[in-house]
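Student: This is the structure, below, for whatever I ask next.
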Amino acid sequence: MIIAAQILLTLGVLTFVLAPLVLYRGERSWTEPRLEERRRTLTERKARLYGALLDLDFDRDSGKISTEDHGRLREEVMAEVLQVLAEEEKVVPQGQRRPVVLEGGDRVERMIEEYKKGHRPKAGAARP
């Protein structure tokens, strides 16, 4: 009698635990709105790139990379940052943008603004 009760109890627990896995297989319990997903993706990319800029400066200052390599890598990262910022302007409405909180973020923002000022297209020049 006790063994039968133990078997029934075990089967009941297994059914309770495994039923959601079997019945709702492949379904998502929650989906993120498309705009929110895109905003999160852009914010993550932006934070990663800002961190890369800070790491590049640190590596140059500590002598891990040469000034030439730093300049080349910084240009690559800055080009990607500008691409992400342009994409963010297209995708996320102005009033709905969230600031990226990052240690040294003000310094990075100033670096990006300086970069933008120095790399603006000349008047009359064709944009790629």
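Each chain in the structure tokens gets a letter, A, B and so on, in the order shown; residues start at 1 in every chain, and ligands are counted from 1 in the order they appear.
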Using only C-alpha atoms, what does the table of region 63-90 of chain A residues within 12 Å of region 54-57 of chain A look like, with each row giving the shortest atom pair and its distance in Å to one decimal, sorted by chain and ascending number, as JSON lines?
Tutor:
```
{"residue": "A:Gly63", "atom": "CA", "partner": "A:Asp57", "partner_atom": "CA", "distance": 9.9}
{"residue": "A:Lys64", "atom": "CA", "partner": "A:Leu56", "partner_atom": "CA", "distance": 9.3}
{"residue": "A:Ile65", "atom": "CA", "partner": "A:Leu56", "partner_atom": "CA", "distance": 8.3}
{"residue": "A:Ser66", "atom": "CA", "partner": "A:Leu56", "partner_atom": "CA", "distance": 10.4}
{"residue": "A:Thr67", "atom": "CA", "partner": "A:Asp57", "partner_atom": "CA", "distance": 9.7}
{"residue": "A:Glu68", "atom": "CA", "partner": "A:Leu56", "partner_atom": "CA", "distance": 11.8}
{"residue": "A:Asp69", "atom": "CA", "partner": "A:Leu56", "partner_atom": "CA", "distance": 9.5}
{"residue": "A:His70", "atom": "CA", "partner": "A:Leu56", "partner_atom": "CA", "distance": 6.5}
{"residue": "A:Gly71", "atom": "CA", "partner": "A:Leu56", "partner_atom": "CA", "distance": 9.2}
{"residue": "A:Arg72", "atom": "CA", "partner": "A:Leu56", "partner_atom": "CA", "distance": 10.5}
{"residue": "A:Leu73", "atom": "CA", "partner": "A:Leu56", "partner_atom": "CA", "distance": 7.8}
{"residue": "A:Arg74", "atom": "CA", "partner": "A:Leu56", "partner_atom": "CA", "distance": 7.2}
{"residue": "A:Glu75", "atom": "CA", "partner": "A:Leu56", "partner_atom": "CA", "distance": 11.0}
{"residue": "A:Glu76", "atom": "CA", "partner": "A:Leu56", "partner_atom": "CA", "distance": 11.4}
{"residue": "A:Val77", "atom": "CA", "partner": "A:Leu56", "partner_atom": "CA", "distance": 9.5}
{"residue": "A:Met78", "atom": "CA", "partner": "A:Leu56", "partner_atom": "CA", "distance": 11.4}
```
Student: Restrict the selected residues to N, CA and C atoms and save them as a tab-separated table (two decimals), in the first residue's frame.
Tutor:
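Wrote it out as again_37.tsv, contents follow:
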```tsv
chain	number	residue	atom	x	y	z
A	63	GLY	N	51.22	51.55	-22.61
A	63	GLY	CA	52.27	51.09	-23.51
A	63	GLY	C	52.02	49.74	-24.14
A	64	LYS	N	50.80	49.23	-24.03
A	64	LYS	CA	50.50	47.92	-24.63
A	64	LYS	C	50.42	48.00	-26.16
A	65	ILE	N	49.94	49.13	-26.66
A	65	ILE	CA	49.86	49.30	-28.12
A	65	ILE	C	50.54	50.61	-28.50
A	66	SER	N	51.01	50.66	-29.73
A	66	SER	CA	51.69	51.86	-30.21
A	66	SER	C	50.67	52.95	-30.52
A	67	THR	N	51.16	54.15	-30.65
A	67	THR	CA	50.28	55.28	-30.98
A	67	THR	C	49.65	55.09	-32.35
A	68	GLU	N	50.41	54.54	-33.30
A	68	GLU	CA	49.87	54.30	-34.65
A	68	GLU	C	48.74	53.28	-34.61
A	69	ASP	N	48.97	52.18	-33.88
A	69	ASP	CA	47.91	51.17	-33.75
A	69	ASP	C	46.70	51.74	-33.03
A	70	HIS	N	46.94	52.55	-32.01
A	70	HIS	CA	45.84	53.18	-31.28
A	70	HIS	C	45.02	54.05	-32.22
A	71	GLY	N	45.70	54.86	-33.03
A	71	GLY	CA	44.98	55.73	-33.96
A	71	GLY	C	44.14	54.95	-34.95
A	72	ARG	N	44.73	53.87	-35.50
A	72	ARG	CA	44.01	53.06	-36.49
A	72	ARG	C	42.80	52.38	-35.84
A	73	LEU	N	43.02	51.75	-34.68
A	73	LEU	CA	41.92	51.06	-34.01
A	73	LEU	C	40.85	52.04	-33.54
A	74	ARG	N	41.28	53.20	-33.09
A	74	ARG	CA	40.32	54.21	-32.63
A	74	ARG	C	39.44	54.68	-33.79
A	75	GLU	N	40.04	54.85	-34.97
A	75	GLU	CA	39.26	55.24	-36.15
A	75	GLU	C	38.20	54.18	-36.47
A	76	GLU	N	38.59	52.91	-36.38
A	76	GLU	CA	37.64	51.82	-36.67
A	76	GLU	C	36.49	51.83	-35.66
A	77	VAL	N	36.83	51.96	-34.39
A	77	VAL	CA	35.79	51.94	-33.35
A	77	VAL	C	34.89	53.17	-33.48
A	78	MET	N	35.50	54.33	-33.74
A	78	MET	CA	34.70	55.55	-33.89
A	78	MET	C	33.75	55.46	-35.07
```
Student: Could you give me the residues within region 1-98 of chain A that DSSP places in helix (DSSP H, G or I), as an MDAnalysis selection string?
Tutor: chainID A and resid 2:23 34:62 67:91 94:96
Student: Please dump the current selection as a tab-separated table (two decimals), in the first residue's frame; keep C-alpha atoms.
Tutor:
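again.tsv written:
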```tsv
chain	number	residue	atom	x	y	z
A	2	ILE	CA	2.76	2.47	0.93
A	3	ILE	CA	4.72	1.60	-2.22
A	4	ALA	CA	1.62	2.30	-4.36
A	5	ALA	CA	1.21	5.70	-2.66
A	6	GLN	CA	4.88	6.53	-3.25
A	7	ILE	CA	4.59	5.58	-6.93
A	8	LEU	CA	1.43	7.66	-7.36
A	9	LEU	CA	3.02	10.62	-5.58
A	10	THR	CA	6.16	10.35	-7.75
A	11	LEU	CA	4.08	10.15	-10.95
A	12	GLY	CA	2.02	13.15	-9.85
A	13	VAL	CA	5.12	15.27	-9.15
A	14	LEU	CA	6.74	14.23	-12.45
A	15	THR	CA	3.55	15.10	-14.33
A	16	PHE	CA	3.35	18.47	-12.58
A	17	VAL	CA	7.00	19.29	-13.36
A	18	LEU	CA	7.20	17.95	-16.91
A	19	ALA	CA	3.77	18.96	-18.24
A	20	PRO	CA	4.70	22.59	-19.02
A	21	LEU	CA	7.83	21.43	-20.80
A	22	VAL	CA	5.88	19.05	-23.01
A	23	LEU	CA	2.69	21.07	-23.55
A	34	ARG	CA	10.26	45.08	-31.39
A	35	LEU	CA	11.19	48.70	-30.57
A	36	GLU	CA	12.31	47.73	-27.07
A	37	GLU	CA	14.38	44.85	-28.44
A	38	ARG	CA	16.03	47.12	-31.01
A	39	ARG	CA	16.68	49.81	-28.39
A	40	ARG	CA	18.28	47.27	-26.05
A	41	THR	CA	20.47	45.89	-28.84
A	42	LEU	CA	21.67	49.36	-29.82
A	43	THR	CA	22.31	50.31	-26.19
A	44	GLU	CA	24.36	47.15	-25.65
A	45	ARG	CA	26.41	47.80	-28.80
A	46	LYS	CA	26.95	51.42	-27.81
A	47	ALA	CA	28.09	50.47	-24.30
A	48	ARG	CA	30.45	47.84	-25.71
A	49	LEU	CA	31.97	50.35	-28.12
A	50	TYR	CA	32.33	53.03	-25.44
A	51	GLY	CA	34.13	50.49	-23.29
A	52	ALA	CA	36.37	49.60	-26.24
A	53	LEU	CA	37.33	53.27	-26.63
A	54	LEU	CA	38.26	53.51	-22.95
A	55	ASP	CA	40.24	50.27	-23.19
A	56	LEU	CA	42.11	51.55	-26.23
A	57	ASP	CA	43.12	54.72	-24.42
A	58	PHE	CA	44.20	52.71	-21.39
A	59	ASP	CA	46.22	50.31	-23.54
A	60	ARG	CA	47.96	53.22	-25.27
A	61	ASP	CA	48.68	54.97	-21.98
A	62	SER	CA	50.08	51.77	-20.45
A	67	THR	CA	50.28	55.28	-30.98
A	68	GLU	CA	49.87	54.30	-34.65
A	69	ASP	CA	47.91	51.17	-33.75
A	70	HIS	CA	45.84	53.18	-31.28
A	71	GLY	CA	44.98	55.73	-33.96
A	72	ARG	CA	44.01	53.06	-36.49
A	73	LEU	CA	41.92	51.06	-34.01
A	74	ARG	CA	40.32	54.21	-32.63
A	75	GLU	CA	39.26	55.24	-36.15
A	76	GLU	CA	37.64	51.82	-36.67
A	77	VAL	CA	35.79	51.94	-33.35
A	78	MET	CA	34.70	55.55	-33.89
A	79	ALA	CA	33.33	54.70	-37.33
A	80	GLU	CA	31.27	51.92	-35.76
A	81	VAL	CA	30.13	54.24	-32.95
A	82	LEU	CA	28.92	56.79	-35.49
A	83	GLN	CA	27.12	54.06	-37.38
A	84	VAL	CA	25.36	52.90	-34.19
A	85	LEU	CA	24.44	56.49	-33.26
A	86	ALA	CA	23.02	57.10	-36.74
A	87	GLU	CA	21.05	53.87	-36.53
A	88	GLU	CA	19.76	54.87	-33.10
A	89	GLU	CA	18.57	58.21	-34.49
A	90	LYS	CA	16.62	56.38	-37.20
A	91	VAL	CA	15.13	53.66	-35.01
A	94	GLN	CA	14.27	61.37	-29.78
A	95	GLY	CA	12.10	61.50	-26.66
A	96	GLN	CA	12.45	57.75	-26.00
```
